[in-house]
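Pasted below: work23.cif, mmCIF, C-alpha atoms and all ligand atoms.
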data_my_file
#
loop_
_atom_site.label_atom_id
_atom_site.label_comp_id
_atom_site.auth_asym_id
_atom_site.auth_seq_id
_atom_site.Cartn_x
_atom_site.Cartn_y
_atom_site.Cartn_z
CA MET V 1 0.00 0.00 0.00
CA VAL V 2 1.45 3.37 -0.91
CA SER V 3 0.10 6.84 -0.22
CA SER V 4 0.79 10.12 -1.89
CA ASN V 5 -0.65 13.46 -0.88
CA ARG V 6 -4.24 12.24 -1.21
CA HIS V 7 -4.15 9.02 -3.21
CA GLU V 8 -3.71 5.66 -1.53
CA PHE V 9 -2.83 2.79 -3.88
CA ARG V 10 -3.51 -0.86 -3.18
CA ILE V 11 -2.10 -2.84 -6.07
CA SER V 12 -3.12 -6.50 -6.31
CA LYS V 13 -2.06 -9.23 -8.70
CA ASP V 14 -5.40 -9.52 -10.50
CA LEU V 15 -9.12 -8.75 -10.30
CA ALA V 16 -9.80 -11.55 -7.83
CA ALA V 17 -7.15 -10.29 -5.40
CA LEU V 18 -8.24 -6.66 -5.94
CA SER V 19 -11.83 -7.62 -5.12
CA LEU V 20 -10.81 -9.51 -2.00
CA SER V 21 -8.81 -6.50 -0.79
CA ALA V 22 -11.70 -4.12 -1.43
CA ALA V 23 -14.19 -6.52 0.18
CA ARG V 24 -12.14 -6.72 3.39
CA ASP V 25 -12.07 -2.92 3.51
CA PHE V 26 -15.84 -2.79 2.92
CA ALA V 27 -16.48 -5.21 5.79
CA ARG V 28 -14.21 -3.26 8.15
CA ARG V 29 -15.81 0.07 7.27
CA ALA V 30 -19.36 -1.30 7.46
CA GLN V 31 -18.81 -2.94 10.85
CA ALA V 32 -17.15 0.15 12.34
CA THR V 33 -19.67 2.63 10.92
CA VAL V 34 -22.71 0.60 11.99
CA HIS V 35 -21.16 0.20 15.44
CA PHE V 36 -20.77 3.96 15.84
CA LYS V 37 -23.85 5.32 14.06
CA GLY V 38 -26.17 2.39 13.40
CA VAL V 39 -26.17 2.69 9.62
CA PHE V 40 -23.68 2.48 6.72
CA ASN V 41 -24.54 4.43 3.58
CA VAL V 42 -22.70 3.04 0.57
CA VAL V 43 -22.86 4.27 -3.03
CA LEU V 44 -22.22 1.52 -5.56
CA SER V 45 -20.64 1.79 -8.97
CA GLY V 46 -21.85 0.10 -12.13
CA GLY V 47 -20.07 -1.52 -15.04
CA ASN V 48 -18.19 -4.82 -14.92
CA THR V 49 -15.37 -4.38 -12.43
CA PRO V 50 -17.56 -4.32 -9.27
CA LYS V 51 -19.13 -7.71 -10.18
CA ALA V 52 -16.21 -9.64 -8.67
CA LEU V 53 -16.33 -7.52 -5.51
CA PHE V 54 -20.08 -8.11 -5.20
CA ASP V 55 -19.62 -11.85 -5.69
CA VAL V 56 -17.10 -11.93 -2.81
CA LEU V 57 -19.33 -9.85 -0.54
CA ALA V 58 -22.30 -12.07 -1.32
CA ASP V 59 -20.35 -15.03 0.04
CA GLU V 60 -18.55 -13.36 2.95
CA ARG V 61 -17.31 -16.72 4.28
CA VAL V 62 -14.37 -16.33 1.88
CA LEU V 63 -13.33 -13.27 3.88
CA GLY V 64 -12.87 -15.22 7.11
CA LEU V 65 -14.42 -12.39 9.13
CA SER V 66 -14.62 -12.67 12.93
CA ARG V 67 -17.99 -10.86 12.79
CA PRO V 68 -20.59 -10.88 9.98
CA ILE V 69 -21.19 -7.85 7.77
CA PRO V 70 -24.25 -6.00 9.25
CA TRP V 71 -26.27 -6.16 6.01
CA GLU V 72 -29.54 -5.16 7.70
CA GLN V 73 -28.01 -1.78 8.64
CA ILE V 74 -26.51 -0.98 5.26
CA ARG V 75 -28.25 1.35 2.79
CA PHE V 76 -27.44 1.13 -0.90
CA PHE V 77 -27.34 3.93 -3.47
CA TRP V 78 -25.84 4.15 -6.96
CA CYS V 79 -23.27 6.59 -8.34
CA ASP V 80 -24.88 6.34 -11.73
CA GLU V 81 -27.46 4.42 -13.69
CA ARG V 82 -28.17 3.78 -17.34
CA PHE V 83 -31.56 5.29 -18.22
CA VAL V 84 -33.12 1.93 -19.08
CA PRO V 85 -35.72 -0.23 -17.29
CA HIS V 86 -34.30 -2.08 -14.28
CA SER V 87 -35.05 -5.30 -16.18
CA ASP V 88 -32.67 -4.26 -18.96
CA ALA V 89 -29.34 -6.12 -19.18
CA GLN V 90 -27.56 -2.76 -19.12
CA SER V 91 -29.09 -1.72 -15.82
CA ASN V 92 -26.63 -1.24 -12.95
CA TRP V 93 -29.48 -1.99 -10.54
CA ARG V 94 -30.05 -5.34 -12.27
CA MET V 95 -26.32 -6.17 -12.22
CA THR V 96 -26.18 -5.38 -8.48
CA GLN V 97 -29.27 -7.51 -7.81
CA GLU V 98 -27.76 -10.45 -9.69
CA HIS V 99 -24.31 -10.31 -8.08
CA LEU V 100 -25.12 -9.06 -4.59
CA LEU V 101 -28.51 -7.92 -3.33
CA SER V 102 -30.54 -10.97 -4.39
CA LYS V 103 -28.18 -13.10 -2.25
CA LEU V 104 -28.54 -11.04 0.93
CA SER V 105 -31.28 -10.21 3.41
CA VAL V 106 -31.37 -6.47 2.80
CA PRO V 107 -34.61 -4.67 3.74
CA LYS V 108 -36.20 -3.28 0.54
CA GLN V 109 -36.43 0.17 2.10
CA ASN V 110 -32.62 0.21 2.32
CA VAL V 111 -32.16 -0.04 -1.45
CA PHE V 112 -32.44 3.36 -3.13
CA SER V 113 -32.55 2.72 -6.87
CA VAL V 114 -32.50 5.41 -9.53
CA PRO V 115 -35.97 5.82 -11.11
CA THR V 116 -35.68 5.08 -14.84
CA GLU V 117 -39.23 4.42 -16.03
CA GLY V 118 -42.28 6.60 -16.65
CA LEU V 119 -40.41 9.89 -16.37
CA ALA V 120 -37.94 12.00 -18.34
CA PRO V 121 -34.21 11.75 -17.55
CA GLU V 122 -34.15 15.24 -16.05
CA GLN V 123 -37.11 14.34 -13.80
CA ALA V 124 -35.31 11.15 -12.76
CA ALA V 125 -32.22 13.13 -11.77
CA ALA V 126 -34.27 15.61 -9.74
CA GLU V 127 -36.22 12.77 -8.12
CA TYR V 128 -33.06 10.84 -7.19
CA GLU V 129 -31.62 13.98 -5.66
CA GLN V 130 -34.73 14.27 -3.46
CA VAL V 131 -34.63 10.55 -2.63
CA LEU V 132 -31.09 11.00 -1.33
CA ARG V 133 -31.90 14.16 0.61
CA GLN V 134 -34.94 12.50 2.21
CA ALA V 135 -32.90 9.38 3.04
CA PHE V 136 -30.45 11.63 4.88
CA GLY V 137 -33.17 13.76 6.48
CA MET V 138 -31.97 16.81 4.61
CA SER V 139 -33.53 19.60 2.58
CA THR V 140 -32.21 21.72 -0.27
CA PRO V 141 -29.45 23.00 -0.48
CA GLU V 142 -27.77 20.48 1.85
CA ILE V 143 -25.68 17.73 0.22
CA PRO V 144 -25.71 14.25 1.82
CA VAL V 145 -22.46 12.82 3.19
CA CYS V 146 -22.26 9.17 2.21
CA ASP V 147 -19.95 6.87 4.15
CA LEU V 148 -18.37 5.14 1.17
CA VAL V 149 -18.55 5.73 -2.58
CA TYR V 150 -17.31 3.21 -5.13
CA LEU V 151 -16.29 4.45 -8.54
CA GLY V 152 -14.84 2.83 -11.63
CA MET V 153 -12.85 4.46 -14.39
CA GLY V 154 -13.09 3.95 -18.10
CA PRO V 155 -10.11 3.77 -20.52
CA ASP V 156 -11.01 7.35 -21.48
CA GLY V 157 -10.70 8.60 -17.89
CA HIS V 158 -14.45 8.90 -17.26
CA THR V 159 -15.98 8.03 -13.94
CA ALA V 160 -19.61 7.51 -12.95
CA SER V 161 -21.33 8.92 -16.04
CA LEU V 162 -19.04 11.91 -16.34
CA PHE V 163 -17.52 11.47 -19.78
CA PRO V 164 -14.80 13.56 -21.44
CA GLU V 165 -15.76 16.72 -23.33
CA THR V 166 -19.43 16.40 -22.36
CA GLN V 167 -21.68 19.31 -21.47
CA ILE V 168 -22.07 18.19 -17.87
CA VAL V 169 -18.31 17.93 -17.33
CA GLN V 170 -17.77 21.33 -18.92
CA ALA V 171 -20.49 22.76 -16.62
CA VAL V 172 -18.82 21.21 -13.56
CA VAL V 173 -15.42 22.56 -14.61
CA ALA V 174 -16.95 26.01 -15.25
CA ASN V 175 -18.75 25.78 -11.88
CA SER V 176 -21.96 26.84 -13.65
CA LEU V 177 -24.34 24.35 -12.04
CA PRO V 178 -26.49 25.27 -9.03
CA GLU V 179 -24.39 24.65 -5.92
CA SER V 180 -27.11 22.47 -4.41
CA GLN V 181 -27.36 20.17 -7.45
CA PHE V 182 -25.63 16.80 -6.99
CA VAL V 183 -27.41 14.57 -9.53
CA ALA V 184 -27.61 15.17 -13.28
CA ALA V 185 -29.18 13.59 -16.36
CA VAL V 186 -26.51 13.27 -19.04
CA TRP V 187 -26.71 12.29 -22.70
CA VAL V 188 -23.83 9.99 -23.63
CA GLU V 189 -23.42 10.22 -27.40
CA LYS V 190 -21.11 7.21 -27.66
CA PHE V 191 -23.76 4.98 -26.13
CA LYS V 192 -26.74 6.89 -27.63
CA MET V 193 -28.22 6.79 -24.16
CA HIS V 194 -29.16 8.99 -21.23
CA ARG V 195 -27.60 8.26 -17.89
CA ILE V 196 -28.28 9.57 -14.39
CA SER V 197 -25.09 10.42 -12.51
CA LEU V 198 -23.96 11.74 -9.17
CA LEU V 199 -21.84 14.85 -9.53
CA PRO V 200 -18.37 15.38 -8.04
CA ASN V 201 -19.64 17.52 -5.14
CA ILE V 202 -21.49 14.71 -3.35
CA ILE V 203 -18.75 12.20 -4.18
CA ASN V 204 -15.99 14.47 -2.85
CA ALA V 205 -17.94 15.03 0.37
CA ALA V 206 -18.08 11.29 1.16
CA GLY V 207 -16.40 9.66 4.14
CA SER V 208 -14.28 7.62 1.75
CA VAL V 209 -14.01 7.03 -2.00
CA SER V 210 -12.78 3.71 -3.39
CA MET V 211 -11.76 3.50 -7.03
CA LEU V 212 -11.94 0.02 -8.56
CA VAL V 213 -9.76 -0.06 -11.68
CA CYS V 214 -8.62 -3.20 -13.46
CA GLY V 215 -7.08 -4.06 -16.82
CA GLU V 216 -4.26 -3.02 -19.12
CA ASP V 217 -6.63 -0.87 -21.17
CA LYS V 218 -6.87 1.59 -18.26
CA ALA V 219 -3.15 1.95 -17.55
CA GLU V 220 -2.62 4.99 -19.77
CA ALA V 221 -5.67 6.88 -18.52
CA LEU V 222 -4.75 6.05 -14.93
CA GLU V 223 -1.29 7.51 -15.35
CA LYS V 224 -2.77 10.68 -16.91
CA VAL V 225 -5.45 11.02 -14.21
CA VAL V 226 -3.11 10.51 -11.27
CA ALA V 227 0.22 11.84 -12.52
CA GLY V 228 -0.63 14.00 -15.54
CA PRO V 229 -1.51 17.69 -15.76
CA TYR V 230 -4.92 18.75 -14.44
CA GLU V 231 -7.17 18.48 -17.49
CA PRO V 232 -10.56 17.42 -16.05
CA THR V 233 -12.50 18.10 -19.26
CA HIS V 234 -10.39 15.42 -20.95
CA PHE V 235 -10.05 13.24 -17.83
CA PRO V 236 -13.20 13.72 -15.69
CA CYS V 237 -11.84 11.30 -13.08
CA GLN V 238 -9.62 14.23 -12.03
CA LEU V 239 -12.76 15.96 -10.73
CA ILE V 240 -12.82 13.38 -7.94
CA VAL V 241 -10.77 14.96 -5.16
CA PRO V 242 -12.38 13.61 -1.98
CA LEU V 243 -11.95 15.68 1.15
CA ASN V 244 -11.29 12.48 3.09
CA GLY V 245 -8.98 10.78 0.62
CA GLN V 246 -9.23 8.27 -2.17
CA VAL V 247 -8.20 4.61 -2.19
CA TRP V 248 -7.33 3.11 -5.57
CA TYR V 249 -7.81 -0.66 -5.81
CA LEU V 250 -5.75 -1.59 -8.84
CA ASP V 251 -4.44 -4.72 -10.47
CA GLU V 252 -0.87 -4.90 -11.75
CA ALA V 253 -2.02 -4.38 -15.33
CA SER V 254 -3.92 -1.14 -14.73
CA ALA V 255 -1.12 0.13 -12.45
CA SER V 256 1.69 -0.81 -14.86
CA ARG V 257 2.29 2.68 -16.30
CA LEU V 258 1.98 4.32 -12.90
CA MET V 259 4.47 1.87 -11.35
CA ALA V 260 6.92 2.34 -14.20
CA GLN V 261 6.79 6.08 -13.57
CA ASN V 262 6.87 5.95 -9.78
CA ARG V 263 9.22 3.33 -8.40
CA SER V 264 7.81 3.80 -4.89
CA LEU V 265 4.57 2.22 -6.07
CA VAL V 266 4.85 -1.50 -5.43
CA PRO V 267 2.23 -4.25 -5.51
CA ASP V 268 0.70 -5.50 -2.26
CA PHE V 269 1.62 -9.14 -2.79
C1 LIG I 301 -21.17 2.50 -15.45
C2 LIG I 301 -20.14 2.92 -14.45
C3 LIG I 301 -18.93 3.44 -15.17
C4 LIG I 301 -17.86 2.38 -14.96
C5 LIG I 301 -16.70 2.57 -15.87
C6 LIG I 301 -15.76 1.36 -15.79
O1 LIG I 301 -22.35 2.70 -15.22
O2 LIG I 301 -20.73 1.89 -16.45
O3 LIG I 301 -20.54 3.67 -13.46
O4 LIG I 301 -18.44 4.67 -14.75
O5 LIG I 301 -17.43 2.40 -13.61
O6 LIG I 301 -17.20 2.67 -17.20
O7 LIG I 301 -16.50 0.25 -16.22
P1 LIG I 301 -15.90 -1.25 -16.14
O8 LIG I 301 -15.81 -1.58 -14.69
O9 LIG I 301 -16.92 -2.09 -16.87
O10 LIG I 301 -14.55 -1.22 -16.82
#

Would you encode the structure as structure tokens?
Amino acid sequence: MVSSNRHEFRISKDLAALSLSAARDFARRAQATVHFKGVFNVVLSGGNTPKALFDVLADERVLGLSRPIPWEQIRFFWCDERFVPHSDAQSNWRMTQEHLLSKLSVPKQNVFSVPTEGLAPEQAAAEYEQVLRQAFGMSTPEIPVCDLVYLGMGPDGHTASLFPETQIVQAVVANSLPESQFVAAVWVEKFKMHRISLLPNIINAAGSVSMLVCGEDKAEALEKVVAGPYEPTHFPCQLIVPLNGQVWYLDEASASRLMAQNRSLVPDF
């Protein structure tokens, strides 16, 4: 494990080891947070990388924990969602159900999905913002403080649904959005699809942010995001600068360029 000014890197051999490392951290954080405040508010990421983490968490025996994960006291949110029905194969909610939630006893009222049917994308974003505020007993303009946020990163340096050169990223960079807004509906041209995404402000306010990044195809973007010049319009992942720090769960392949550039970065195995 290596830390720099605000990045902590945990470099594992492969996706399985990365997922095990992140799962152990999840269990520790969930147990401690529930012990101290009775609830653990976690924001999940979509895409493919989290599937292995969810599979490990769904069978926590592999973690050899001394105490079980307090699933009944954990509340689940999403950092972004594809604007498709939850039954759609592209739905992050569906992926999370299949790999994690359907295997656990989680009270339905603790799962806060993004509404994606029967309303316009902009309405869905506004509704999800209210769902989060109500879940945290807040009113506008307050911004909820989640305990843990998971994010992935694409080979183009996007995170959540904040893609390079898009209108929403340019608005965030220009600071032209209402200060109280923390969810947005975004059109993603490359996928010809709307998405609903948390914005950097609520992510950066979280208790902790864990980045799950795996694969050789992300090595170049990772080096640019972490060690390159600050160009958030091209690399929106650079907009994620959590007040309480950021832990990068990487595999050797995704970390390869970063390790070649920074000899102090060594794998955790
Ligand atoms: C999504 C995610 C997205 C994802 C990255 C990485 O809805 O797809 O939120 O930001 O984390 O695209 O995706 P992979 O894990 O599939 O590489």

(request) Would you list the contacts of stretch 18-34 of chain V as a PyMOL selection string, taking every protein, DNA or RNA residue within 9 Å and counting only C-alpha atoms, but skipping same-chain residues closer than 3 positions in sequence? (result) chain V and resi 10-15+37-42+49-57+60+62-63+65+67-71+73-74+147-148+210+212-214+249-251

(message) Residues near stretch 175-180 of chain V, anyone? I mean within 9 Å using all atoms listed in the file, not counting same-chain ones fewer than 3 positions away, as an MDAnalysis selection string.
(response) chainID V and resid 140:143 168 170:172 201

List every residue of chain V that has an atom at most 7 Å from any atom of ligand LIG 301 (chain I), giving for each one its closest atom pair and the distance in Å to one decimal, counting only C-alpha atoms and all ligand atoms, sorted by chain and then by ascending residue number, as a tab-separated table.
residue	atom	partner	partner_atom	distance
V:Ser45	CA	I:LIG301	O3	4.9
V:Gly46	CA	I:LIG301	O3	4.0
V:Gly47	CA	I:LIG301	O9	3.7
V:Asn48	CA	I:LIG301	O9	3.6
V:Thr49	CA	I:LIG301	O8	3.6
V:Pro50	CA	I:LIG301	O8	6.3
V:Cys79	CA	I:LIG301	O3	6.5
V:Asp80	CA	I:LIG301	O3	5.4
V:Glu81	CA	I:LIG301	O1	5.6
V:Arg82	CA	I:LIG301	O1	6.3
V:Asn92	CA	I:LIG301	O1	6.2
V:Leu151	CA	I:LIG301	O5	5.6
V:Gly152	CA	I:LIG301	O5	3.3
V:Met153	CA	I:LIG301	C6	4.5
V:Gly154	CA	I:LIG301	C6	4.4
V:His158	CA	I:LIG301	O4	6.3
V:Thr159	CA	I:LIG301	O4	4.2
V:Ala160	CA	I:LIG301	O4	3.6
V:Ser161	CA	I:LIG301	O4	5.3
V:Val213	CA	I:LIG301	O8	6.9

(message) Just checking: using only C-alpha atoms, which residue out of V:Leu258, V:Val84, V:Leu119, V:Ala174 ends up closest to V:Ala219?
(response)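 Using only C-alpha atoms, the shortest distance to V:Ala219 belongs to V:Leu258.
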
(request) Have a look at atom CA of V:Ala16 and atom CA of V:Ala58 and let me know their distance in Å, one decimal. (result) 14.1 Å

(request) Using atom CA of V:Val173 and atom CA of V:Pro144 as the two end points, give the distance in Å to one decimal. (result)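 Straight-line distance from atom CA of V:Val173 to atom CA of V:Pro144 works out to 21.1 Å.
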
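Atom CA of V:Glu231 is found 21.7 Å from atom CA of V:Ala260.
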
(request) Find the residues near V:Leu199: any atom within 7 Å, counting only C-alpha atoms, skip ones fewer than 6 places away on the same chain, and give them as a PyMOL selection string. (result) chain V and resi 182-184

Please report, as a Markdown table, each residue of stretch 176-203 of chain V lying at most 12 Å from stretch 97-115 of chain V, together with the nearest pair of atoms and the separation in Å rounded to one decimal; use all atoms listed in the file, and order rows by chain and ascending residue number.
| residue | atom | partner | partner_atom | distance |
| --- | --- | --- | --- | --- |
| V:Val183 | CA | V:Val114 | CA | 10.5 |
| V:Ala184 | CA | V:Val114 | CA | 11.5 |
| V:Ala185 | CA | V:Val114 | CA | 11.2 |
| V:Arg195 | CA | V:Val114 | CA | 10.1 |
| V:Ile196 | CA | V:Val114 | CA | 7.7 |
| V:Ser197 | CA | V:Val114 | CA | 9.4 |
| V:Leu198 | CA | V:Val114 | CA | 10.6 |

Just the selected residues (C-alpha atoms), exported as a PDB file, in the coordinates of the input, please.
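The file below, again35.pdb, is the result:
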ATOM      1  CA  VAL V 183     -27.410  14.570  -9.530  1.00  0.00           C
ATOM      2  CA  ALA V 184     -27.610  15.170 -13.280  1.00  0.00           C
ATOM      3  CA  ALA V 185     -29.180  13.590 -16.360  1.00  0.00           C
ATOM      4  CA  ARG V 195     -27.600   8.260 -17.890  1.00  0.00           C
ATOM      5  CA  ILE V 196     -28.280   9.570 -14.390  1.00  0.00           C
ATOM      6  CA  SER V 197     -25.090  10.420 -12.510  1.00  0.00           C
ATOM      7  CA  LEU V 198     -23.960  11.740  -9.170  1.00  0.00           C
TER       8      LEU V 198
END
